[in-house]
Amino acid sequence: MVPPATGEPATSAPAVASRNERFRKADRLLKRSEFLRVQRRGRRFTTPHLVVLSIESLTGRTRVGITASKKIGNAPTRNRVKRRFREIFRQNKAAWPEATDIVIIARSASVAAAYNTLQDDLLAWAERAKRGTSK
RNA sequence: CGGGAUGGGUGCGUGACCGUGGUGGUCGGCAUGUCCGAUCAGCGAGGAAAGUCCGGGCUCCGCAUGGCAGGAUGGUCGUUAACUGCGACCGGGGGUAACCCCAGGGAAAGUGCCACAGAAAGUAUACUGCCGUCCGGCACGAGAGUGUGGCGGUGAGGGUGAAAUGGUGAGGUAAGAGCUCACCGGCCGGCUGGUGACAGUCGGCGCAUGGCAAACCCCAUCUGGAGCAAGACCGUAUAGAGGAUUCCUUCGGGAGCGUGUCGCCUGCACGCAGUUCCUCGGGUAGGUCGCACGAGGCUGUCGGCAACGGCAGUCCCAGAAGAAUGGUCACGACUCGUCGAUGGCGAGAUACAGAACCCGGCUUACAGCCCAUCCCGACAC
RNA sequence: GUGGGUGUAGCUCAGCUGGUUAGAGUGCCGGUUUGUGGUACCGGAAGUCGGGGGUUCAAGUCCCCUCACCCACC
């Protein structure tokens, strides 16, 4: 993994720009301890469909983790919700704030919600988060 | 054509773009690694992957021996690695039928229970009764006799109940009764057929033995315990406290103590002055293997009624770990709604549901579609 | 993965070793008391015993299957 200090903006920026719809393991939160860090100290944003928690990343990358608990449905339902959130994250990478760990917690209303509704909710959060960090 | 029974199959398709998890190859990077990146090839959820109700493989517990306890199963024969599965058959029950259902051993080994009702609920009894050629009973009566009591015979009728001492009919008798007879049922024994459950038949017994073992129990058979968080290795981390260490010896061993995989005993193994063993406590960060060729799938053929098995050919078919199959679009099926209806428009995670060590079953959930065989009824020929 | 528990009036719970009325509290409805309401008193209704099948003369209770929910441990 590339250390945060040696970001190499001149050489790697065009490559990243052409590949900005990728979503690999480096873009995800993988450990329970990472989830707990965000959930304990992060800032909270709530809509009827979801809860977003975010905190400044330690790795210099923007990473996301999605929680879909047993409360919202059975295994295929939870898988589908997680895949849709992942797809939204992947296709709108430019919108997210930089170097932030994000946890998205799905609420039960998100099961029946349309794809675009969920996308609008997340973009609204991203708008607010970017303004907050720029000020 | 209508209604029904049984068994089986399918579980959206094609294409484009953007992504994703393993596997293999090639190339590149530097922090030379089980690393990161690029690229190519190929693979990537189910019939139930589910529930976890059974059974096995596999792994560990030193071995998995014997017994008790506990648990499971329960017609017969087969099938299988094994089973509470499956197949065929037997017996019983239901249905007009196809077909479906049944934990379906033992009640003369013992214990227990059978409420209410009823005389009596199990080894005997006699409530209401019936009968008497007996007591020359007692009362009434002129008497015949009637009533009543005792004694004896009987166990048929009535009523109760889920169940009442085999059932129906005839004979018989004082009244009756398997007391006798016929038929049906039952029990015992023989013979025949069948591997067997059992069936058929002959003879005997007038019948001795009510039901409940999904009540305890008895009999037969099976059964050691835990589970891939099994288990092995690498790494990380920490704080200690308490206890045990004995005898005999012919040096082969024996006794004793401690420890051990759910309960116990037996048996077995290890340790018994080594910087050893045991118990309690404290503590850490995760990774690699196990882990994808298997009781494997498909096709053909042979044996078998079948479950299933043998042989030959062919194929390689998910391996994640906050956990991979998704998103968008086009065309076409399909379903639903609606309308100006051989069509148009709109809606649709298309149903149920997501591998987590692996198999064999069972059970449950399921939009819609398809196939086969059979039964009943109506009509026509 | 393993083990255990619960399901009975609207709600919270009883219901024993099967036995003939499935009860209690609370809530609900009606009446009495009060000027009215509450309280108090009297009366009443209300249960597929989670679902299906079986054993039994008889099942909330025994057996099997199944559904939903909850808990514990590794």
# chains A, B, ... in the order shown; residues from 1 in each chain; ligands from 1
$ closest_atom_pairs --of "chain A" --to "chain B" --cutoff "9 Å" --atoms "only C-alpha atoms (C1' of nucleotides)" --output "tab-separated table"
residue	atom	partner	partner_atom	distance
A:Met1	CA	B:C36	C1'	6.2
A:Val2	CA	B:C36	C1'	8.6
A:Glu21	CA	B:G19	C1'	7.4
A:Arg22	CA	B:G19	C1'	6.5
A:Phe23	CA	B:G19	C1'	7.4
A:Arg24	CA	B:U20	C1'	8.0
A:Leu29	CA	B:G322	C1'	7.3
A:Leu30	CA	B:G322	C1'	5.7
A:Lys31	CA	B:G322	C1'	6.5
A:Arg32	CA	B:G322	C1'	6.8
A:Phe35	CA	B:G322	C1'	8.3
A:Gly65	CA	B:G322	C1'	7.3
A:Ile66	CA	B:G322	C1'	7.6
A:Thr67	CA	B:G322	C1'	7.5
A:Asn74	CA	B:A353	C1'	8.8
A:Ala75	CA	B:G354	C1'	6.2
A:Pro76	CA	B:G354	C1'	5.6
A:Thr77	CA	B:A349	C1'	8.2
A:Asn79	CA	B:G354	C1'	8.0
A:Arg80	CA	B:A349	C1'	7.6
A:Arg83	CA	B:G326	C1'	6.2
A:Arg84	CA	B:G327	C1'	7.7
A:Glu87	CA	B:G327	C1'	6.4
A:Ile88	CA	B:G327	C1'	8.7
A:Arg90	CA	B:G19	C1'	8.3
A:Gln91	CA	B:C18	C1'	8.8
$ write_last_selection --atoms "N, CA and C atoms" --output "tab-separated table (two decimals), in the first residue's frame"
chain	number	residue	atom	x	y	z
A	1	MET	N	0.85	-1.19	0.00
A	1	MET	CA	0.00	0.00	0.00
A	1	MET	C	0.89	1.25	0.00
A	2	VAL	N	0.41	2.27	-0.67
A	2	VAL	CA	1.20	3.50	-0.78
A	2	VAL	C	1.04	4.30	0.50
A	21	GLU	N	-13.81	4.02	-10.63
A	21	GLU	CA	-15.01	3.25	-10.28
A	21	GLU	C	-14.66	1.90	-9.69
A	22	ARG	N	-13.39	1.73	-9.32
A	22	ARG	CA	-13.02	0.45	-8.74
A	22	ARG	C	-13.42	0.41	-7.27
A	23	PHE	N	-13.53	-0.82	-6.76
A	23	PHE	CA	-13.87	-0.97	-5.34
A	23	PHE	C	-13.24	-2.27	-4.85
A	24	ARG	N	-12.03	-2.12	-4.29
A	24	ARG	CA	-11.33	-3.32	-3.86
A	24	ARG	C	-11.21	-3.33	-2.34
A	29	LEU	N	-13.61	-1.15	4.97
A	29	LEU	CA	-13.27	-1.44	6.37
A	29	LEU	C	-13.40	-2.96	6.55
A	30	LEU	N	-12.35	-3.57	7.13
A	30	LEU	CA	-12.30	-5.03	7.17
A	30	LEU	C	-12.35	-5.62	8.58
A	31	LYS	N	-12.06	-4.80	9.59
A	31	LYS	CA	-11.96	-5.36	10.93
A	31	LYS	C	-12.99	-4.75	11.85
A	32	ARG	N	-13.40	-5.55	12.80
A	32	ARG	CA	-14.38	-5.08	13.77
A	32	ARG	C	-13.86	-3.86	14.50
A	35	PHE	N	-14.50	-0.73	12.53
A	35	PHE	CA	-15.90	-0.31	12.61
A	35	PHE	C	-16.17	0.39	13.95
A	65	GLY	N	-17.51	1.03	5.13
A	65	GLY	CA	-17.98	-0.25	5.64
A	65	GLY	C	-19.49	-0.17	5.80
A	66	ILE	N	-20.16	-1.26	5.48
A	66	ILE	CA	-21.62	-1.25	5.49
A	66	ILE	C	-22.12	-2.26	6.51
A	67	THR	N	-23.04	-1.83	7.36
A	67	THR	CA	-23.64	-2.72	8.35
A	67	THR	C	-25.10	-2.93	7.99
A	74	ASN	N	-33.68	-11.20	6.11
A	74	ASN	CA	-32.90	-12.43	6.01
A	74	ASN	C	-31.66	-12.23	5.15
A	75	ALA	N	-30.92	-13.28	4.94
A	75	ALA	CA	-29.60	-13.14	4.32
A	75	ALA	C	-29.65	-12.54	2.92
A	76	PRO	N	-30.52	-12.96	1.99
A	76	PRO	CA	-30.54	-12.33	0.68
A	76	PRO	C	-30.91	-10.86	0.75
A	77	THR	N	-31.80	-10.51	1.64
A	77	THR	CA	-32.19	-9.10	1.79
A	77	THR	C	-31.00	-8.26	2.22
A	79	ASN	N	-27.82	-8.98	1.94
A	79	ASN	CA	-26.82	-8.92	0.87
A	79	ASN	C	-27.18	-7.87	-0.16
A	80	ARG	N	-28.46	-7.82	-0.54
A	80	ARG	CA	-28.87	-6.89	-1.58
A	80	ARG	C	-28.67	-5.45	-1.12
A	83	ARG	N	-25.00	-4.58	-1.29
A	83	ARG	CA	-24.52	-4.43	-2.66
A	83	ARG	C	-24.95	-3.10	-3.25
A	84	ARG	N	-26.16	-2.68	-2.95
A	84	ARG	CA	-26.62	-1.41	-3.51
A	84	ARG	C	-25.82	-0.25	-2.92
A	87	GLU	N	-22.48	-0.18	-4.55
A	87	GLU	CA	-22.53	0.32	-5.91
A	87	GLU	C	-22.62	1.85	-5.91
A	88	ILE	N	-23.41	2.39	-5.01
A	88	ILE	CA	-23.52	3.85	-4.93
A	88	ILE	C	-22.18	4.45	-4.60
A	90	ARG	N	-19.24	3.19	-5.20
A	90	ARG	CA	-18.29	2.98	-6.28
A	90	ARG	C	-18.52	3.97	-7.42
A	91	GLN	N	-19.78	4.23	-7.75
A	91	GLN	CA	-20.06	5.03	-8.93
A	91	GLN	C	-20.00	6.52	-8.65
$ select_by_dssp --residues "chain A" --states "alpha helix (DSSP H)" --output "number ranges by chain"
A: 9-18, 32-41, 75-91, 115-134
$ residues_around --residues "B:C116" --least-positions-apart "3" --cutoff "10 Å" --atoms "only C-alpha atoms (C1' of nucleotides)" --output "list in words"
G161 of chain B; G19 and U20 of chain C
$ write_last_selection --atoms "C-alpha atoms (C1' of nucleotides)" --output "short mmCIF file (atom, residue, chain, number, x, y, z; two decimals), in the first residue's frame"
data_model
loop_
_atom_site.label_atom_id
_atom_site.label_comp_id
_atom_site.auth_asym_id
_atom_site.auth_seq_id
_atom_site.Cartn_x
_atom_site.Cartn_y
_atom_site.Cartn_z
"C1'" G B 161 -70.60 -47.09 30.54
"C1'" G C 19 -60.74 -37.32 34.00
"C1'" U C 20 -65.72 -33.76 32.01
#
$ residues_around --residues "stretch 109-113 of chain B" --least-positions-apart "4" --cutoff "12 Å" --atoms "only C-alpha atoms (C1' of nucleotides)" --output "JSON list (two decimals) with all heavy atoms, in the first residue's frame"
[["chain", "number", "residue", "atom", "x", "y", "z"],
["B", 121, "A", "P", -65.93, -52.41, 40.65],
["B", 121, "A", "OP1", -64.72, -52.60, 41.47],
["B", 121, "A", "OP2", -66.69, -51.16, 40.72],
["B", 121, "A", "O5'", -65.57, -52.70, 39.13],
["B", 121, "A", "C5'", -64.97, -53.93, 38.76],
["B", 121, "A", "C4'", -63.96, -53.72, 37.64],
["B", 121, "A", "O4'", -64.68, -53.30, 36.46],
["B", 121, "A", "C3'", -62.91, -52.65, 37.91],
["B", 121, "A", "O3'", -61.67, -53.10, 37.40],
["B", 121, "A", "C2'", -63.42, -51.45, 37.14],
["B", 121, "A", "O2'", -62.41, -50.59, 36.71],
["B", 121, "A", "C1'", -64.08, -52.14, 35.94],
["B", 121, "A", "N9", -65.14, -51.34, 35.30],
["B", 121, "A", "C8", -65.72, -50.19, 35.74],
["B", 121, "A", "N7", -66.63, -49.71, 34.94],
["B", 121, "A", "C5", -66.65, -50.61, 33.90],
["B", 121, "A", "C6", -67.40, -50.68, 32.72],
["B", 121, "A", "N6", -68.32, -49.79, 32.38],
["B", 121, "A", "N1", -67.18, -51.72, 31.89],
["B", 121, "A", "C2", -66.27, -52.62, 32.25],
["B", 121, "A", "N3", -65.49, -52.68, 33.32],
["B", 121, "A", "C4", -65.74, -51.63, 34.11],
["B", 211, "G", "P", -57.40, -57.31, 26.21],
["B", 211, "G", "OP1", -57.05, -57.64, 24.82],
["B", 211, "G", "OP2", -56.58, -57.86, 27.32],
["B", 211, "G", "O5'", -57.43, -55.73, 26.35],
["B", 211, "G", "C5'", -58.21, -54.95, 25.44],
["B", 211, "G", "C4'", -58.24, -53.51, 25.87],
["B", 211, "G", "O4'", -58.81, -53.41, 27.20],
["B", 211, "G", "C3'", -56.88, -52.84, 26.00],
["B", 211, "G", "O3'", -56.38, -52.40, 24.77],
["B", 211, "G", "C2'", -57.19, -51.71, 26.97],
["B", 211, "G", "O2'", -57.81, -50.63, 26.31],
["B", 211, "G", "C1'", -58.20, -52.37, 27.91],
["B", 211, "G", "N9", -57.58, -52.91, 29.13],
["B", 211, "G", "C8", -57.40, -54.23, 29.44],
["B", 211, "G", "N7", -56.84, -54.40, 30.61],
["B", 211, "G", "C5", -56.65, -53.12, 31.09],
["B", 211, "G", "C6", -56.08, -52.68, 32.32],
["B", 211, "G", "O6", -55.63, -53.35, 33.24],
["B", 211, "G", "N1", -56.07, -51.29, 32.39],
["B", 211, "G", "C2", -56.54, -50.45, 31.43],
["B", 211, "G", "N2", -56.43, -49.16, 31.69],
["B", 211, "G", "N3", -57.07, -50.84, 30.29],
["B", 211, "G", "C4", -57.09, -52.19, 30.19],
["B", 212, "C", "P", -54.81, -52.41, 24.51],
["B", 212, "C", "OP1", -54.59, -52.03, 23.11],
["B", 212, "C", "OP2", -54.26, -53.68, 25.02],
["B", 212, "C", "O5'", -54.27, -51.22, 25.42],
["B", 212, "C", "C5'", -54.68, -49.89, 25.18],
["B", 212, "C", "C4'", -54.18, -48.97, 26.27],
["B", 212, "C", "O4'", -54.74, -49.37, 27.53],
["B", 212, "C", "C3'", -52.68, -48.98, 26.52],
["B", 212, "C", "O3'", -51.99, -48.18, 25.58],
["B", 212, "C", "C2'", -52.58, -48.46, 27.94],
["B", 212, "C", "O2'", -52.67, -47.05, 27.97],
["B", 212, "C", "C1'", -53.85, -49.06, 28.59],
["B", 212, "C", "N1", -53.57, -50.27, 29.38],
["B", 212, "C", "C2", -53.09, -50.12, 30.68],
["B", 212, "C", "O2", -52.91, -48.99, 31.14],
["B", 212, "C", "N3", -52.85, -51.22, 31.41],
["B", 212, "C", "C4", -53.06, -52.43, 30.91],
["B", 212, "C", "N4", -52.81, -53.49, 31.66],
["B", 212, "C", "C5", -53.54, -52.61, 29.57],
["B", 212, "C", "C6", -53.78, -51.50, 28.85],
["B", 213, "A", "P", -50.89, -48.83, 24.66],
["B", 213, "A", "OP1", -50.44, -47.84, 23.67],
["B", 213, "A", "OP2", -51.36, -50.15, 24.24],
["B", 213, "A", "O5'", -49.70, -49.04, 25.69],
["B", 213, "A", "C5'", -48.62, -48.13, 25.70],
["B", 213, "A", "C4'", -47.59, -48.51, 26.72],
["B", 213, "A", "O4'", -47.97, -49.69, 27.44],
["B", 213, "A", "C3'", -46.23, -48.87, 26.12],
["B", 213, "A", "O3'", -45.46, -47.71, 25.90],
["B", 213, "A", "C2'", -45.62, -49.75, 27.20],
["B", 213, "A", "O2'", -45.03, -48.96, 28.23],
["B", 213, "A", "C1'", -46.84, -50.45, 27.79],
["B", 213, "A", "N9", -47.02, -51.83, 27.31],
["B", 213, "A", "C8", -47.35, -52.26, 26.06],
["B", 213, "A", "N7", -47.46, -53.55, 25.96],
["B", 213, "A", "C5", -47.18, -54.01, 27.25],
["B", 213, "A", "C6", -47.12, -55.29, 27.81],
["B", 213, "A", "N6", -47.36, -56.42, 27.15],
["B", 213, "A", "N1", -46.80, -55.38, 29.12],
["B", 213, "A", "C2", -46.56, -54.26, 29.79],
["B", 213, "A", "N3", -46.58, -53.00, 29.37],
["B", 213, "A", "C4", -46.90, -52.95, 28.08],
["B", 215, "A", "P", -48.72, -43.12, 27.14],
["B", 215, "A", "OP1", -49.44, -44.36, 26.79],
["B", 215, "A", "OP2", -49.36, -41.83, 27.06],
["B", 215, "A", "O5'", -48.21, -43.28, 28.64],
["B", 215, "A", "C5'", -47.29, -44.30, 28.97],
["B", 215, "A", "C4'", -47.08, -44.29, 30.47],
["B", 215, "A", "O4'", -48.22, -44.90, 31.13],
["B", 215, "A", "C3'", -45.90, -45.12, 30.95],
["B", 215, "A", "O3'", -44.68, -44.42, 30.81],
["B", 215, "A", "C2'", -46.29, -45.39, 32.40],
["B", 215, "A", "O2'", -46.04, -44.27, 33.20],
["B", 215, "A", "C1'", -47.79, -45.60, 32.27],
["B", 215, "A", "N9", -48.15, -47.01, 32.13],
["B", 215, "A", "C8", -48.72, -47.62, 31.05],
["B", 215, "A", "N7", -48.92, -48.91, 31.22],
["B", 215, "A", "C5", -48.46, -49.14, 32.50],
["B", 215, "A", "C6", -48.39, -50.32, 33.28],
["B", 215, "A", "N6", -48.82, -51.49, 32.87],
["B", 215, "A", "N1", -47.87, -50.21, 34.52],
["B", 215, "A", "C2", -47.46, -49.02, 34.94],
["B", 215, "A", "N3", -47.47, -47.85, 34.31],
["B", 215, "A", "C4", -47.98, -47.99, 33.08],
["B", 216, "C", "P", -43.34, -45.23, 30.36],
["B", 216, "C", "OP1", -42.30, -44.24, 30.02],
["B", 216, "C", "OP2", -43.70, -46.26, 29.37],
["B", 216, "C", "O5'", -42.91, -45.94, 31.70],
["B", 216, "C", "C5'", -42.48, -45.17, 32.81],
["B", 216, "C", "C4'", -42.42, -46.00, 34.07],
["B", 216, "C", "O4'", -43.70, -46.63, 34.32],
["B", 216, "C", "C3'", -41.46, -47.18, 34.04],
["B", 216, "C", "O3'", -40.10, -46.81, 34.22],
["B", 216, "C", "C2'", -42.00, -48.03, 35.18],
["B", 216, "C", "O2'", -41.63, -47.51, 36.44],
["B", 216, "C", "C1'", -43.51, -47.85, 34.99],
["B", 216, "C", "N1", -44.09, -48.97, 34.20],
["B", 216, "C", "C2", -44.26, -50.22, 34.80],
["B", 216, "C", "O2", -43.92, -50.37, 35.97],
["B", 216, "C", "N3", -44.77, -51.23, 34.08],
["B", 216, "C", "C4", -45.12, -51.03, 32.81],
["B", 216, "C", "N4", -45.63, -52.07, 32.14],
["B", 216, "C", "C5", -44.96, -49.78, 32.17],
["B", 216, "C", "C6", -44.44, -48.78, 32.90],
["B", 217, "C", "P", -38.99, -47.44, 33.25],
["B", 217, "C", "OP1", -37.68, -47.25, 33.89],
["B", 217, "C", "OP2", -39.23, -46.94, 31.88],
["B", 217, "C", "O5'", -39.34, -49.00, 33.25],
["B", 217, "C", "C5'", -39.05, -49.80, 34.38],
["B", 217, "C", "C4'", -39.80, -51.11, 34.32],
["B", 217, "C", "O4'", -41.11, -50.92, 33.75],
["B", 217, "C", "C3'", -39.18, -52.18, 33.45],
["B", 217, "C", "O3'", -38.12, -52.86, 34.10],
["B", 217, "C", "C2'", -40.37, -53.08, 33.14],
["B", 217, "C", "O2'", -40.62, -53.96, 34.22],
["B", 217, "C", "C1'", -41.52, -52.08, 33.05],
["B", 217, "C", "N1", -41.87, -51.71, 31.65],
["B", 217, "C", "C2", -42.50, -52.64, 30.81],
["B", 217, "C", "O2", -42.74, -53.78, 31.23],
["B", 217, "C", "N3", -42.83, -52.28, 29.55],
["B", 217, "C", "C4", -42.57, -51.04, 29.13],
["B", 217, "C", "N4", -42.91, -50.73, 27.88],
["B", 217, "C", "C5", -41.94, -50.09, 29.96],
["B", 217, "C", "C6", -41.61, -50.46, 31.19],
["B", 218, "C", "P", -36.84, -53.33, 33.28],
["B", 218, "C", "OP1", -35.83, -53.79, 34.25],
["B", 218, "C", "OP2", -36.50, -52.29, 32.29],
["B", 218, "C", "O5'", -37.38, -54.61, 32.50],
["B", 218, "C", "C5'", -37.75, -55.79, 33.21],
["B", 218, "C", "C4'", -38.33, -56.82, 32.26],
["B", 218, "C", "O4'", -39.55, -56.30, 31.69],
["B", 218, "C", "C3'", -37.47, -57.17, 31.06],
["B", 218, "C", "O3'", -36.47, -58.13, 31.38],
["B", 218, "C", "C2'", -38.50, -57.68, 30.05],
["B", 218, "C", "O2'", -38.86, -59.02, 30.35],
["B", 218, "C", "C1'", -39.69, -56.78, 30.35],
["B", 218, "C", "N1", -39.80, -55.61, 29.43],
["B", 218, "C", "C2", -40.26, -55.80, 28.13],
["B", 218, "C", "O2", -40.55, -56.94, 27.75],
["B", 218, "C", "N3", -40.36, -54.74, 27.31],
["B", 218, "C", "C4", -40.04, -53.51, 27.76],
["B", 218, "C", "N4", -40.17, -52.49, 26.92],
["B", 218, "C", "C5", -39.58, -53.30, 29.07],
["B", 218, "C", "C6", -39.47, -54.36, 29.87],
["B", 219, "C", "P", -35.07, -58.10, 30.63],
["B", 219, "C", "OP1", -34.23, -59.18, 31.19],
["B", 219, "C", "OP2", -34.59, -56.70, 30.62],
["B", 219, "C", "O5'", -35.46, -58.51, 29.13],
["B", 219, "C", "C5'", -35.93, -59.82, 28.85],
["B", 219, "C", "C4'", -36.33, -59.96, 27.40],
["B", 219, "C", "O4'", -37.44, -59.09, 27.11],
["B", 219, "C", "C3'", -35.27, -59.54, 26.39],
["B", 219, "C", "O3'", -34.30, -60.56, 26.20],
["B", 219, "C", "C2'", -36.12, -59.27, 25.14],
["B", 219, "C", "O2'", -36.48, -60.47, 24.50],
["B", 219, "C", "C1'", -37.37, -58.64, 25.76],
["B", 219, "C", "N1", -37.33, -57.15, 25.73],
["B", 219, "C", "C2", -37.67, -56.45, 24.56],
["B", 219, "C", "O2", -37.98, -57.07, 23.55],
["B", 219, "C", "N3", -37.64, -55.10, 24.56],
["B", 219, "C", "C4", -37.31, -54.45, 25.68],
["B", 219, "C", "N4", -37.29, -53.11, 25.65],
["B", 219, "C", "C5", -36.96, -55.13, 26.87],
["B", 219, "C", "C6", -36.99, -56.46, 26.85],
["C", 17, "U", "P", -47.43, -33.58, 36.72],
["C", 17, "U", "OP1", -46.26, -34.32, 37.19],
["C", 17, "U", "OP2", -47.29, -32.64, 35.58],
["C", 17, "U", "O5'", -48.61, -34.60, 36.34],
["C", 17, "U", "C5'", -48.30, -35.70, 35.48],
["C", 17, "U", "C4'", -48.34, -37.00, 36.26],
["C", 17, "U", "O4'", -48.19, -36.72, 37.66],
["C", 17, "U", "C3'", -49.67, -37.77, 36.18],
["C", 17, "U", "O3'", -49.69, -38.56, 35.01],
["C", 17, "U", "C2'", -49.66, -38.60, 37.47],
["C", 17, "U", "O2'", -49.00, -39.82, 37.29],
["C", 17, "U", "C1'", -48.84, -37.71, 38.43],
["C", 17, "U", "N1", -49.67, -37.08, 39.46],
["C", 17, "U", "C2", -49.49, -37.47, 40.77],
["C", 17, "U", "O2", -48.65, -38.31, 41.07],
["C", 17, "U", "N3", -50.28, -36.85, 41.69],
["C", 17, "U", "C4", -51.23, -35.90, 41.45],
["C", 17, "U", "O4", -51.86, -35.45, 42.39],
["C", 17, "U", "C5", -51.38, -35.54, 40.07],
["C", 17, "U", "C6", -50.62, -36.13, 39.14],
["C", 18, "G", "P", -50.99, -38.63, 34.13],
["C", 18, "G", "OP1", -52.01, -39.54, 34.70],
["C", 18, "G", "OP2", -50.52, -38.81, 32.77],
["C", 18, "G", "O5'", -51.50, -37.11, 34.21],
["C", 18, "G", "C5'", -52.85, -36.85, 34.55],
["C", 18, "G", "C4'", -53.58, -36.35, 33.32],
["C", 18, "G", "O4'", -53.24, -37.14, 32.17],
["C", 18, "G", "C3'", -55.08, -36.41, 33.49],
["C", 18, "G", "O3'", -55.62, -35.13, 33.20],
["C", 18, "G", "C2'", -55.54, -37.45, 32.46],
["C", 18, "G", "O2'", -56.74, -37.12, 31.87],
["C", 18, "G", "C1'", -54.39, -37.40, 31.43],
["C", 18, "G", "N9", -54.23, -38.68, 30.71],
["C", 18, "G", "C8", -53.46, -39.74, 31.07],
["C", 18, "G", "N7", -53.50, -40.71, 30.19],
["C", 18, "G", "C5", -54.35, -40.25, 29.21],
["C", 18, "G", "C6", -54.79, -40.86, 27.99],
["C", 18, "G", "O6", -54.49, -41.96, 27.55],
["C", 18, "G", "N1", -55.64, -40.05, 27.29],
["C", 18, "G", "C2", -56.03, -38.81, 27.68],
["C", 18, "G", "N2", -56.87, -38.16, 26.87],
["C", 18, "G", "N3", -55.64, -38.21, 28.79],
["C", 18, "G", "C4", -54.80, -38.99, 29.50],
["C", 19, "G", "P", -56.37, -34.36, 34.41],
["C", 19, "G", "OP1", -56.46, -32.94, 34.03],
["C", 19, "G", "OP2", -55.79, -34.76, 35.69],
["C", 19, "G", "O5'", -57.85, -34.97, 34.33],
["C", 19, "G", "C5'", -58.68, -34.64, 33.23],
["C", 19, "G", "C4'", -60.08, -35.16, 33.44],
["C", 19, "G", "O4'", -60.18, -36.52, 32.98],
["C", 19, "G", "C3'", -60.56, -35.15, 34.88],
["C", 19, "G", "O3'", -61.93, -34.80, 34.90],
["C", 19, "G", "C2'", -60.42, -36.62, 35.31],
["C", 19, "G", "O2'", -61.29, -36.99, 36.33],
["C", 19, "G", "C1'", -60.74, -37.32, 34.00],
["C", 19, "G", "N9", -60.19, -38.67, 33.88],
["C", 19, "G", "C8", -59.20, -39.26, 34.61],
["C", 19, "G", "N7", -58.94, -40.47, 34.23],
["C", 19, "G", "C5", -59.84, -40.71, 33.20],
["C", 19, "G", "C6", -60.04, -41.84, 32.40],
["C", 19, "G", "O6", -59.44, -42.91, 32.44],
["C", 19, "G", "N1", -61.05, -41.65, 31.47],
["C", 19, "G", "C2", -61.78, -40.51, 31.34],
["C", 19, "G", "N2", -62.72, -40.52, 30.38],
["C", 19, "G", "N3", -61.61, -39.42, 32.06],
["C", 19, "G", "C4", -60.62, -39.60, 32.97]]
$ atom_distance --atom1 "atom C1' of B:G106" --atom2 "atom C1' of B:G203"
28.9 Å
$ select_by_dssp --residues "chain A" --states "strand (DSSP E)" --output "ChimeraX atom specification"
/A:43-46,50-56,63-67,100-106
$ residues_around --residues "B:C187" --least-positions-apart "4" --cutoff "10 Å" --atoms "only C-alpha atoms (C1' of nucleotides)" --output "PyMOL selection string"
chain B and resi 205+207-209
$ residues_around --residues "C:U2" --least-positions-apart "6" --cutoff "10 Å" --atoms "only C-alpha atoms (C1' of nucleotides)" --output "list of chain:residue names"
B:G227, C:C73, C:C74
$ atom_distance --atom1 "atom CA of A:Ser108" --atom2 "atom C1' of C:C67"
23.5 Å
$ residues_around --residues "A:Asp120" --least-positions-apart "6" --cutoff "12 Å" --atoms "only C-alpha atoms (C1' of nucleotides)" --output "number ranges by chain"
A: 47, 49-50, 85, 88-89, 92, 95, 113-114, 126-127
$ atom_distance --atom1 "atom C1' of B:C102" --atom2 "atom C1' of B:G55"
23.9 Å
$ closest_atom_pairs --of "stretch 242-273 of chain B" --to "stretch 59-79 of chain B" --cutoff "8 Å" --atoms "only C-alpha atoms (C1' of nucleotides)" --output "CSV"
residue,atom,partner,partner_atom,distance
B:U261,C1',B:C61,C1',4.6
B:G263,C1',B:A69,C1',7.7
B:C264,C1',B:A69,C1',7.8
B:C265,C1',B:C68,C1',7.8
B:U266,C1',B:G66,C1',7.5
B:G267,C1',B:U65,C1',7.4
B:C268,C1',B:C63,C1',7.0
B:A269,C1',B:G62,C1',5.3
